[in-house]
file my_file_9.cif (mmCIF, C-alpha atoms)
data_model
loop_
_atom_site.group_PDB
_atom_site.id
_atom_site.type_symbol
_atom_site.label_atom_id
_atom_site.label_comp_id
_atom_site.auth_asym_id
_atom_site.auth_seq_id
_atom_site.Cartn_x
_atom_site.Cartn_y
_atom_site.Cartn_z
ATOM 1 C CA MET N 1 23.017 20.754 -9.289
ATOM 2 C CA GLY N 2 22.070 17.101 -9.169
ATOM 3 C CA PHE N 3 20.731 17.457 -5.640
ATOM 4 C CA VAL N 4 18.716 20.573 -6.509
ATOM 5 C CA ARG N 5 17.318 18.854 -9.568
ATOM 6 C CA ASP N 6 16.274 15.820 -7.541
ATOM 7 C CA VAL N 7 14.559 18.063 -4.983
ATOM 8 C CA LEU N 8 12.634 19.967 -7.650
ATOM 9 C CA VAL N 9 11.571 16.772 -9.390
ATOM 10 C CA ASN N 10 10.414 15.173 -6.142
ATOM 11 C CA VAL N 11 8.466 18.297 -5.154
ATOM 12 C CA VAL N 12 6.711 18.416 -8.531
ATOM 13 C CA ILE N 13 5.849 14.723 -8.308
ATOM 14 C CA THR N 14 4.157 15.335 -4.942
ATOM 15 C CA THR N 15 1.671 17.697 -6.615
ATOM 16 C CA PRO N 16 -1.249 15.228 -6.285
ATOM 17 C CA LEU N 17 -0.457 14.722 -2.604
ATOM 18 C CA ILE N 18 -0.487 18.473 -2.014
ATOM 19 C CA GLY N 19 -3.886 18.673 -3.696
ATOM 20 C CA ALA N 20 -5.269 15.764 -1.678
ATOM 21 C CA TYR N 21 -3.867 17.087 1.591
ATOM 22 C CA THR N 22 -5.444 20.458 0.828
ATOM 23 C CA MET N 23 -8.891 18.922 0.290
ATOM 24 C CA PHE N 24 -8.645 16.777 3.396
ATOM 25 C CA ALA N 25 -7.240 19.560 5.588
ATOM 26 C CA LEU N 26 -9.989 21.938 4.443
ATOM 27 C CA GLY N 27 -12.603 19.384 5.465
ATOM 28 C CA ILE N 28 -10.939 18.826 8.841
ATOM 29 C CA VAL N 29 -10.818 22.574 9.513
ATOM 30 C CA PHE N 30 -14.348 23.088 8.204
ATOM 31 C CA ILE N 31 -15.715 20.495 10.633
ATOM 32 C CA TYR N 32 -13.665 21.858 13.513
ATOM 33 C CA ARG N 33 -14.798 25.419 12.878
ATOM 34 C CA GLY N 34 -18.386 24.289 12.519
ATOM 35 C CA SER N 35 -18.605 21.905 15.489
ATOM 36 C CA ARG N 36 -15.364 22.072 17.510
ATOM 37 C CA VAL N 37 -14.770 18.363 16.855
ATOM 38 C CA LEU N 38 -11.625 16.811 15.395
ATOM 39 C CA ASN N 39 -12.979 14.239 12.964
ATOM 40 C CA LEU N 40 -10.635 11.247 12.986
ATOM 41 C CA ALA N 41 -12.948 9.341 10.629
ATOM 42 C CA HIS N 42 -12.096 11.706 7.778
ATOM 43 C CA GLY N 43 -9.952 9.098 6.038
ATOM 44 C CA ALA N 44 -12.792 6.572 5.920
ATOM 45 C CA MET N 45 -15.134 9.292 4.649
ATOM 46 C CA ALA N 46 -12.727 9.673 1.728
ATOM 47 C CA MET N 47 -12.128 5.980 1.154
ATOM 48 C CA VAL N 48 -15.702 4.662 0.882
ATOM 49 C CA PRO N 49 -16.865 7.149 -1.819
ATOM 50 C CA ALA N 50 -13.718 6.342 -3.825
ATOM 51 C CA TYR N 51 -14.671 2.655 -3.947
ATOM 52 C CA VAL N 52 -18.309 3.447 -4.723
ATOM 53 C CA ALA N 53 -17.259 5.747 -7.571
ATOM 54 C CA LEU N 54 -15.147 2.966 -9.057
ATOM 55 C CA ASP N 55 -18.013 0.474 -8.914
ATOM 56 C CA LEU N 56 -20.548 2.916 -10.351
ATOM 57 C CA SER N 57 -18.209 4.038 -13.152
ATOM 58 C CA HIS N 58 -18.561 0.630 -14.792
ATOM 59 C CA HIS N 59 -22.296 1.212 -15.180
ATOM 60 C CA ILE N 60 -22.954 4.951 -15.543
ATOM 61 C CA GLY N 61 -19.598 6.419 -16.548
ATOM 62 C CA ALA N 62 -16.887 8.239 -14.640
ATOM 63 C CA VAL N 63 -18.343 11.724 -14.245
ATOM 64 C CA PRO N 64 -21.825 10.716 -12.975
ATOM 65 C CA ALA N 65 -20.156 8.185 -10.668
ATOM 66 C CA VAL N 66 -17.912 10.867 -9.177
ATOM 67 C CA VAL N 67 -20.856 13.222 -8.662
ATOM 68 C CA LEU N 68 -22.805 10.520 -6.836
ATOM 69 C CA ALA N 69 -19.741 9.575 -4.799
ATOM 70 C CA VAL N 70 -19.287 13.179 -3.671
ATOM 71 C CA GLY N 71 -22.938 13.265 -2.636
ATOM 72 C CA LEU N 72 -22.436 9.992 -0.773
ATOM 73 C CA GLY N 73 -19.473 11.507 1.048
ATOM 74 C CA GLY N 74 -21.678 14.376 2.134
ATOM 75 C CA LEU N 75 -24.346 11.999 3.388
ATOM 76 C CA ILE N 76 -21.750 9.975 5.290
ATOM 77 C CA GLY N 77 -20.499 13.154 6.925
ATOM 78 C CA ALA N 78 -24.000 14.227 7.892
ATOM 79 C CA GLY N 79 -24.755 10.704 9.119
ATOM 80 C CA VAL N 80 -21.677 10.610 11.352
ATOM 81 C CA GLU N 81 -22.630 13.965 12.811
ATOM 82 C CA ARG N 82 -26.237 12.948 13.415
ATOM 83 C CA GLY N 83 -25.641 9.394 14.579
ATOM 84 C CA VAL N 84 -22.454 9.772 16.632
ATOM 85 C CA VAL N 85 -21.235 13.309 17.207
ATOM 86 C CA ARG N 86 -24.593 14.836 18.124
ATOM 87 C CA ARG N 87 -25.455 11.998 20.500
ATOM 88 C CA LEU N 88 -22.144 12.459 22.331
ATOM 89 C CA ARG N 89 -22.358 16.244 22.595
ATOM 90 C CA THR N 90 -23.288 16.228 26.260
ATOM 91 C CA ALA N 91 -20.249 14.042 27.003
ATOM 92 C CA GLY N 92 -17.873 16.652 25.593
ATOM 93 C CA ALA N 93 -15.672 17.152 22.542
ATOM 94 C CA THR N 94 -13.166 14.491 23.590
ATOM 95 C CA ALA N 95 -15.903 11.848 23.651
ATOM 96 C CA GLN N 96 -17.112 13.054 20.268
ATOM 97 C CA THR N 97 -13.629 12.717 18.809
ATOM 98 C CA VAL N 98 -13.264 9.220 20.260
ATOM 99 C CA GLY N 99 -16.613 8.389 18.681
ATOM 100 C CA THR N 100 -15.214 9.257 15.246
ATOM 101 C CA VAL N 101 -12.392 6.765 15.873
ATOM 102 C CA GLY N 102 -15.034 4.081 16.260
ATOM 103 C CA VAL N 103 -16.607 5.175 12.975
ATOM 104 C CA LEU N 104 -13.195 4.944 11.296
ATOM 105 C CA GLY N 105 -12.662 1.373 12.449
ATOM 106 C CA LEU N 106 -16.191 0.320 11.510
ATOM 107 C CA MET N 107 -16.009 1.760 7.988
ATOM 108 C CA ILE N 108 -12.594 0.222 7.301
ATOM 109 C CA ALA N 109 -13.827 -3.177 8.505
ATOM 110 C CA MET N 110 -16.894 -2.903 6.258
ATOM 111 C CA ALA N 111 -14.717 -1.920 3.287
ATOM 112 C CA ASP N 112 -12.493 -4.941 3.904
ATOM 113 C CA ARG N 113 -15.539 -7.197 3.730
ATOM 114 C CA VAL N 114 -17.100 -5.578 0.664
ATOM 115 C CA TRP N 115 -14.104 -4.722 -1.532
ATOM 116 C CA GLY N 116 -11.272 -6.748 -0.049
ATOM 117 C CA THR N 117 -7.703 -5.586 0.495
ATOM 118 C CA THR N 118 -6.286 -6.047 -2.979
ATOM 119 C CA PRO N 119 -5.079 -2.646 -4.276
ATOM 120 C CA ARG N 120 -7.168 -1.311 -7.157
ATOM 121 C CA ARG N 121 -6.815 1.638 -9.480
ATOM 122 C CA GLY N 122 -9.423 4.322 -8.865
ATOM 123 C CA VAL N 123 -11.762 5.773 -11.450
ATOM 124 C CA ASP N 124 -10.035 8.073 -13.966
ATOM 125 C CA VAL N 125 -11.735 11.454 -14.075
ATOM 126 C CA PHE N 126 -9.225 13.241 -16.285
ATOM 127 C CA PRO N 127 -7.865 12.114 -19.683
ATOM 128 C CA GLU N 128 -4.870 9.791 -19.702
ATOM 129 C CA HIS N 129 -1.869 11.965 -20.456
ATOM 130 C CA GLY N 130 1.515 12.223 -18.790
ATOM 131 C CA PHE N 131 4.380 14.688 -18.623
ATOM 132 C CA HIS N 132 7.871 13.294 -18.101
ATOM 133 C CA ILE N 133 9.603 14.956 -15.154
ATOM 134 C CA GLY N 134 13.082 13.504 -14.770
ATOM 135 C CA ASN N 135 12.642 9.759 -14.443
ATOM 136 C CA SER N 136 9.034 10.099 -13.297
ATOM 137 C CA VAL N 137 5.724 10.932 -14.944
ATOM 138 C CA LEU N 138 3.260 13.579 -13.807
ATOM 139 C CA HIS N 139 -0.190 12.633 -15.064
ATOM 140 C CA LEU N 140 -2.912 15.047 -16.083
ATOM 141 C CA GLY N 141 -5.046 13.665 -13.269
ATOM 142 C CA ASP N 142 -2.361 14.695 -10.771
ATOM 143 C CA ILE N 143 -2.480 18.264 -12.047
ATOM 144 C CA GLY N 144 -6.270 18.166 -12.042
ATOM 145 C CA LEU N 145 -6.255 17.100 -8.399
ATOM 146 C CA PHE N 146 -4.026 20.029 -7.458
ATOM 147 C CA VAL N 147 -6.043 22.592 -9.433
ATOM 148 C CA SER N 148 -9.342 21.247 -8.075
ATOM 149 C CA ALA N 149 -8.008 21.626 -4.536
ATOM 150 C CA LEU N 150 -7.067 25.277 -5.115
ATOM 151 C CA VAL N 151 -10.457 26.084 -6.645
ATOM 152 C CA LEU N 152 -12.333 24.395 -3.813
ATOM 153 C CA ALA N 153 -10.139 26.143 -1.248
ATOM 154 C CA GLY N 154 -11.205 29.512 -2.658
ATOM 155 C CA ALA N 155 -14.851 28.445 -2.765
ATOM 156 C CA PHE N 156 -14.883 27.219 0.831
ATOM 157 C CA LEU N 157 -13.097 30.327 2.057
ATOM 158 C CA ALA N 158 -15.686 32.510 0.339
ATOM 159 C CA LEU N 159 -18.511 30.392 1.756
ATOM 160 C CA PHE N 160 -17.236 30.645 5.300
ATOM 161 C CA GLN N 161 -16.236 34.305 5.235
ATOM 162 C CA LEU N 162 -18.713 35.998 2.906
ATOM 163 C CA THR N 163 -22.059 34.221 3.311
ATOM 164 C CA ASP N 164 -24.743 34.216 5.977
ATOM 165 C CA LEU N 165 -24.379 30.445 6.229
ATOM 166 C CA GLY N 166 -20.703 30.783 7.073
ATOM 167 C CA LEU N 167 -21.470 33.407 9.707
ATOM 168 C CA ALA N 168 -24.158 31.177 11.200
ATOM 169 C CA MET N 169 -21.717 28.251 11.354
ATOM 170 C CA ARG N 170 -19.138 30.324 13.202
ATOM 171 C CA CYS N 171 -21.705 31.669 15.637
ATOM 172 C CA ALA N 172 -23.145 28.231 16.363
ATOM 173 C CA ALA N 173 -19.686 26.755 16.944
ATOM 174 C CA ASP N 174 -18.594 29.548 19.287
ATOM 175 C CA ASN N 175 -21.753 29.674 21.399
ATOM 176 C CA ARG N 176 -24.705 27.412 20.644
ATOM 177 C CA ARG N 177 -26.986 29.085 23.174
ATOM 178 C CA ALA N 178 -26.317 32.594 21.858
ATOM 179 C CA ALA N 179 -26.777 31.362 18.293
ATOM 180 C CA THR N 180 -30.152 29.888 19.216
ATOM 181 C CA LEU N 181 -31.255 33.195 20.724
ATOM 182 C CA MET N 182 -30.303 34.873 17.437
ATOM 183 C CA GLY N 183 -32.583 32.515 15.508
ATOM 184 C CA ILE N 184 -29.843 30.185 14.262
ATOM 185 C CA ASP N 185 -30.372 26.433 14.401
ATOM 186 C CA PRO N 186 -27.011 25.080 15.669
ATOM 187 C CA ASP N 187 -27.855 21.493 14.770
ATOM 188 C CA ARG N 188 -28.597 22.501 11.200
ATOM 189 C CA THR N 189 -25.413 24.521 10.720
ATOM 190 C CA THR N 190 -23.309 21.741 12.222
ATOM 191 C CA ALA N 191 -24.912 19.142 9.949
ATOM 192 C CA VAL N 192 -24.269 21.376 6.923
ATOM 193 C CA ALA N 193 -20.604 21.720 7.895
ATOM 194 C CA TRP N 194 -20.232 17.948 8.148
ATOM 195 C CA PHE N 195 -22.066 17.466 4.846
ATOM 196 C CA PHE N 196 -19.773 19.845 2.966
ATOM 197 C CA ALA N 197 -16.660 18.365 4.574
ATOM 198 C CA GLY N 198 -17.819 14.836 3.775
ATOM 199 C CA GLY N 199 -18.386 15.746 0.142
ATOM 200 C CA LEU N 200 -14.939 17.326 -0.034
ATOM 201 C CA ALA N 201 -13.403 14.217 1.532
ATOM 202 C CA GLY N 202 -15.223 12.042 -0.982
ATOM 203 C CA LEU N 203 -13.925 14.058 -3.932
ATOM 204 C CA GLY N 204 -10.404 14.026 -2.515
ATOM 205 C CA GLY N 205 -10.577 10.259 -2.048
ATOM 206 C CA VAL N 206 -11.806 9.684 -5.619
ATOM 207 C CA LEU N 207 -9.104 11.864 -7.187
ATOM 208 C CA LEU N 208 -6.334 10.508 -4.958
ATOM 209 C CA GLY N 209 -7.424 6.944 -5.677
ATOM 210 C CA ALA N 210 -7.022 7.655 -9.386
ATOM 211 C CA SER N 211 -3.522 9.062 -8.834
ATOM 212 C CA THR N 212 -2.380 6.245 -6.536
ATOM 213 C CA ASN N 213 -4.353 3.111 -5.615
ATOM 214 C CA LEU N 214 -7.446 2.169 -3.655
ATOM 215 C CA HIS N 215 -6.897 0.217 -0.465
ATOM 216 C CA PRO N 216 -9.160 0.422 2.609
ATOM 217 C CA HIS N 217 -6.311 0.902 5.060
ATOM 218 C CA ILE N 218 -3.800 2.855 2.980
ATOM 219 C CA LEU N 219 -6.253 5.400 1.579
ATOM 220 C CA SER N 220 -7.784 5.979 4.993
ATOM 221 C CA LEU N 221 -4.367 6.579 6.547
ATOM 222 C CA GLN N 222 -3.250 8.878 3.737
ATOM 223 C CA VAL N 223 -5.380 11.534 5.407
ATOM 224 C CA LEU N 224 -3.051 11.627 8.441
ATOM 225 C CA PRO N 225 -0.639 14.178 6.882
ATOM 226 C CA ALA N 226 -3.665 16.431 6.371
ATOM 227 C CA PHE N 227 -4.097 16.549 10.146
ATOM 228 C CA VAL N 228 -0.496 17.757 10.388
ATOM 229 C CA ALA N 229 -1.286 20.375 7.743
ATOM 230 C CA ALA N 230 -4.339 21.526 9.684
ATOM 231 C CA LEU N 231 -2.290 21.782 12.876
ATOM 232 C CA LEU N 232 0.442 23.740 11.126
ATOM 233 C CA GLY N 233 -2.002 26.208 9.636
ATOM 234 C CA GLY N 234 -4.291 26.351 12.650
ATOM 235 C CA LEU N 235 -7.422 24.309 13.216
ATOM 236 C CA GLU N 236 -9.608 27.365 12.655
ATOM 237 C CA SER N 237 -7.884 28.782 9.567
ATOM 238 C CA LEU N 238 -8.926 27.766 6.065
ATOM 239 C CA PRO N 239 -6.047 29.677 4.400
ATOM 240 C CA GLY N 240 -3.748 28.102 6.979
ATOM 241 C CA ALA N 241 -4.955 24.662 5.925
ATOM 242 C CA VAL N 242 -3.886 25.409 2.350
ATOM 243 C CA VAL N 243 -0.474 26.726 3.412
ATOM 244 C CA GLY N 244 0.001 23.826 5.815
ATOM 245 C CA SER N 245 -0.834 21.339 3.041
ATOM 246 C CA ILE N 246 1.763 22.899 0.760
ATOM 247 C CA VAL N 247 4.374 22.738 3.532
ATOM 248 C CA VAL N 248 3.513 19.110 4.268
ATOM 249 C CA GLY N 249 3.561 18.129 0.602
ATOM 250 C CA VAL N 250 6.869 19.865 -0.057
ATOM 251 C CA THR N 251 8.352 18.209 3.030
ATOM 252 C CA VAL N 252 7.246 14.787 1.806
ATOM 253 C CA GLY N 253 8.855 15.554 -1.557
ATOM 254 C CA ILE N 254 12.126 16.934 -0.217
ATOM 255 C CA VAL N 255 12.993 14.296 2.386
ATOM 256 C CA PRO N 256 13.707 11.402 -0.070
ATOM 257 C CA SER N 257 16.290 13.615 -1.809
ATOM 258 C CA PHE N 258 18.574 13.555 1.213
ATOM 259 C CA GLY N 259 21.079 10.754 1.583
ATOM 260 C CA GLY N 260 21.249 8.425 4.547
ATOM 261 C CA ILE N 261 17.833 8.200 6.201
ATOM 262 C CA GLY N 262 15.996 10.186 3.494
ATOM 263 C CA PRO N 263 15.158 7.296 1.136
ATOM 264 C CA GLU N 264 14.141 5.010 4.007
ATOM 265 C CA ILE N 265 10.488 4.053 4.481
ATOM 266 C CA GLY N 266 8.879 6.265 7.094
ATOM 267 C CA ALA N 267 11.427 9.086 6.764
ATOM 268 C CA PRO N 268 8.850 11.617 5.437
ATOM 269 C CA ASP N 269 6.471 10.702 8.273
ATOM 270 C CA LEU N 270 9.229 11.265 10.824
ATOM 271 C CA ALA N 271 10.030 14.617 9.225
ATOM 272 C CA LEU N 272 6.360 15.652 9.395
ATOM 273 C CA THR N 273 6.182 14.726 13.066
ATOM 274 C CA LEU N 274 9.272 16.768 13.891
ATOM 275 C CA LEU N 275 7.979 19.665 11.797
ATOM 276 C CA ALA N 276 4.640 19.667 13.612
ATOM 277 C CA PHE N 277 6.297 19.692 17.036
ATOM 278 C CA PHE N 278 8.682 22.456 15.962
ATOM 279 C CA VAL N 279 5.985 24.749 14.607
ATOM 280 C CA MET N 280 3.695 24.229 17.596
ATOM 281 C CA GLY N 281 6.617 24.849 19.934
ATOM 282 C CA MET N 282 7.530 28.083 18.139
ATOM 283 C CA ARG N 283 3.956 29.284 18.415
ATOM 284 C CA GLY N 284 3.730 28.364 22.058
ATOM 285 C CA LYS N 285 0.320 26.800 21.484
ATOM 286 C CA ARG N 286 -1.141 23.386 22.023
ATOM 287 C CA PHE N 287 -3.493 22.214 19.328
ATOM 288 C CA SER N 288 -5.852 19.835 21.043
ATOM 289 C CA VAL N 289 -9.502 19.025 21.210
ATOM 290 C CA ALA N 290 -10.632 19.706 24.754
ATOM 291 C CA ASP N 291 -13.962 19.443 26.443
ATOM 292 C CA ALA N 292 -13.738 23.111 27.322
ATOM 293 C CA GLY N 293 -13.898 23.943 23.628
ATOM 294 C CA ALA N 294 -17.463 22.643 23.371
ATOM 295 C CA ALA N 295 -20.132 25.299 23.662
#
call {"tool": "encode", "arguments": {"input": "my_file_9.cif", "output": "structure tokens"}}
result
Amino acid sequence: MGFVRDVLVNVVITTPLIGAYTMFALGIVFIYRGSRVLNLAHGAMAMVPAYVALDLSHHIGAVPAVVLAVGLGGLIGAGVERGVVRRLRTAGATAQTVGTVGVLGLMIAMADRVWGTTPRRGVDVFPEHGFHIGNSVLHLGDIGLFVSALVLAGAFLALFQLTDLGLAMRCAADNRRAATLMGIDPDRTTAVAWFFAGGLAGLGGVLLGASTNLHPHILSLQVLPAFVAALLGGLESLPGAVVGSIVVGVTVGIVPSFGGIGPEIGAPDLALTLLAFFVMGMRGKRFSVADAGAA
């Protein structure tokens, strides 16, 4: 019973991570479905708005600061698409993905210069209240992060599946030339996809920063499990991104409960890597960004 109790407690405590992974994975899938590009700068697009929200909260309050930070995330996403991804389109999707790596490094370096590398507590959006779970505390902000992720997952799924904009995004991503002949502006739909994903990354970064800490490198790299979640669920599946995020979050929570290697640093990351290889092997698919995927 002690082992089962530890597992349940650890899984519950990972609730904020599941919410954050869901937001990040949705943005990754949204960009991929809208432009066929794997955005490796997603972590930086979450980190910068989180710092900006913290700075602004001292002057205009938490809620307006978060709203502006989300808008900033959207603008960063649109800027990366316009300034890097679009310019590299003729070079292929692989070059575009490599371009986002450059953006990641640049934004982290800028954050180091502006905010430093001392960990800071993010802006609190939800009231300070905690629930004791075993020897740990689950804060109201952690629950808010998880609930916000579920609500946004439903909203993005409805946007992509039930609206003309979502249909236009899918058409433009599958075949830009055919979409143009149908009267769809592929550049516009791609920019919109990056804007929405950037805003979602910004919100995820703000809420995760409040649940953990702000650090240019750590917060940016905390998006990596979301890539595993997106791969598990399928790079073109929004519901799959949600399911993959839950699987990833539960895995991160379960692993420390095992004796031996479980409590060691890096054990959850190793488990996620093995899980990703196992699932992809069972499916018989390779999830990769290839030049042939660009329309």
call {"tool": "resolve_selection", "arguments": {"input": "my_file_9.cif", "expression": "the PyMOL selection byres ((chain N and resi 233) around 12)", "output": "PyMOL selection string"}}
result
chain N and resi 22+25-26+28-29+226-232+234-248+276+279-280+283+287
call {"tool": "closest_residue", "arguments": {"input": "my_file_9.cif", "among": "N:Leu274, N:Val48, N:Val206, N:Ala193", "to": "Val67 (chain N)", "atoms": "all atoms listed in the file"}}
result
N:Val206
call {"tool": "atom_distance", "arguments": {"input": "my_file_9.cif", "atom1": "CA of Val98 (chain N)", "atom2": "CA of His42 (chain N)"}}
result
12.8 Å
call {"tool": "residues_around", "arguments": {"input": "my_file_9.cif", "residues": "Leu214 (chain N)", "least_positions_apart": "6", "cutoff": "10 Å", "atoms": "only C-alpha atoms", "output": "number ranges by chain"}}
result
N: 47-48, 50-51, 54, 115, 117-123, 205-206, 208, 220
call {"tool": "resolve_selection", "arguments": {"input": "my_file_9.cif", "expression": "the PyMOL selection byres ((chain N and resi 86) around 12)", "output": "ChimeraX atom specification"}}
result
/N:35-37,78-85,87-93,95-97,99-100,186-188,190-191,194,294
call {"tool": "closest_residue", "arguments": {"input": "my_file_9.cif", "among": "N:Ala46, N:Met110, N:Val12, N:Leu140", "to": "Ser211 (chain N)", "atoms": "only C-alpha atoms"}}
result
N:Leu140
call {"tool": "atom_distance", "arguments": {"input": "my_file_9.cif", "atom1": "CA of Val137 (chain N)", "atom2": "CA of Asn213 (chain N)"}}
result
15.8 Å
call {"tool": "atom_distance", "arguments": {"input": "my_file_9.cif", "atom1": "CA of Gly198 (chain N)", "atom2": "CA of Gly19 (chain N)"}}
result
16.3 Å
call {"tool": "decode", "arguments": {"input": "my_file_9.cif", "residues": "region 19-44 of chain N", "atoms": "N, CA and C atoms", "output": "CSV table (one decimal), in the first residue's frame"}}
result
chain,number,residue,atom,x,y,z
N,19,GLY,N,-0.4,19.9,-17.1
N,19,GLY,CA,-1.0,21.1,-17.7
N,19,GLY,C,-0.1,21.8,-18.6
N,20,ALA,N,1.1,22.0,-18.2
N,20,ALA,CA,2.1,22.8,-19.0
N,20,ALA,C,2.5,22.0,-20.2
N,21,TYR,N,2.7,20.7,-20.1
N,21,TYR,CA,3.1,19.8,-21.2
N,21,TYR,C,1.9,19.9,-22.3
N,22,THR,N,0.7,19.9,-21.8
N,22,THR,CA,-0.5,19.9,-22.7
N,22,THR,C,-0.4,21.2,-23.5
N,23,MET,N,-0.2,22.4,-22.8
N,23,MET,CA,-0.2,23.6,-23.5
N,23,MET,C,0.9,23.7,-24.6
N,24,PHE,N,2.1,23.2,-24.1
N,24,PHE,CA,3.2,23.3,-25.0
N,24,PHE,C,3.1,22.3,-26.2
N,25,ALA,N,2.6,21.1,-25.9
N,25,ALA,CA,2.4,20.1,-27.0
N,25,ALA,C,1.3,20.6,-28.0
N,26,LEU,N,0.3,21.2,-27.5
N,26,LEU,CA,-0.7,21.7,-28.4
N,26,LEU,C,-0.1,22.8,-29.3
N,27,GLY,N,0.7,23.6,-28.8
N,27,GLY,CA,1.3,24.6,-29.6
N,27,GLY,C,2.3,24.0,-30.7
N,28,ILE,N,3.0,23.0,-30.3
N,28,ILE,CA,3.9,22.3,-31.2
N,28,ILE,C,3.1,21.7,-32.3
N,29,VAL,N,2.0,21.0,-32.0
N,29,VAL,CA,1.2,20.3,-33.0
N,29,VAL,C,0.5,21.3,-33.9
N,30,PHE,N,0.1,22.4,-33.2
N,30,PHE,CA,-0.6,23.5,-34.0
N,30,PHE,C,0.3,24.1,-35.1
N,31,ILE,N,1.5,24.3,-34.7
N,31,ILE,CA,2.5,24.9,-35.7
N,31,ILE,C,2.8,23.8,-36.7
N,32,TYR,N,3.0,22.6,-36.3
N,32,TYR,CA,3.3,21.5,-37.3
N,32,TYR,C,2.2,21.3,-38.3
N,33,ARG,N,0.9,21.3,-37.8
N,33,ARG,CA,-0.2,21.1,-38.7
N,33,ARG,C,-0.4,22.4,-39.6
N,34,GLY,N,0.0,23.5,-39.1
N,34,GLY,CA,-0.2,24.7,-39.9
N,34,GLY,C,0.9,25.1,-40.8
N,35,SER,N,2.1,24.5,-40.6
N,35,SER,CA,3.3,24.9,-41.4
N,35,SER,C,4.2,23.7,-41.7
N,36,ARG,N,4.0,22.6,-41.2
N,36,ARG,CA,4.9,21.4,-41.4
N,36,ARG,C,6.3,21.7,-40.9
N,37,VAL,N,6.4,22.5,-39.8
N,37,VAL,CA,7.7,22.8,-39.2
N,37,VAL,C,7.7,22.4,-37.7
N,38,LEU,N,8.7,21.7,-37.3
N,38,LEU,CA,8.9,21.4,-35.9
N,38,LEU,C,9.6,22.6,-35.2
N,39,ASN,N,8.9,23.3,-34.4
N,39,ASN,CA,9.4,24.5,-33.8
N,39,ASN,C,10.2,24.2,-32.5
N,40,LEU,N,11.6,24.2,-32.7
N,40,LEU,CA,12.4,23.9,-31.5
N,40,LEU,C,12.7,25.1,-30.7
N,41,ALA,N,12.1,26.3,-31.0
N,41,ALA,CA,12.3,27.5,-30.2
N,41,ALA,C,11.1,27.7,-29.3
N,42,HIS,N,10.2,26.6,-29.2
N,42,HIS,CA,9.0,26.8,-28.4
N,42,HIS,C,9.3,27.1,-27.0
N,43,GLY,N,10.4,26.5,-26.4
N,43,GLY,CA,10.7,26.8,-25.0
N,43,GLY,C,11.0,28.2,-24.8
N,44,ALA,N,11.8,28.9,-25.7
N,44,ALA,CA,12.1,30.3,-25.5
N,44,ALA,C,10.9,31.1,-25.7
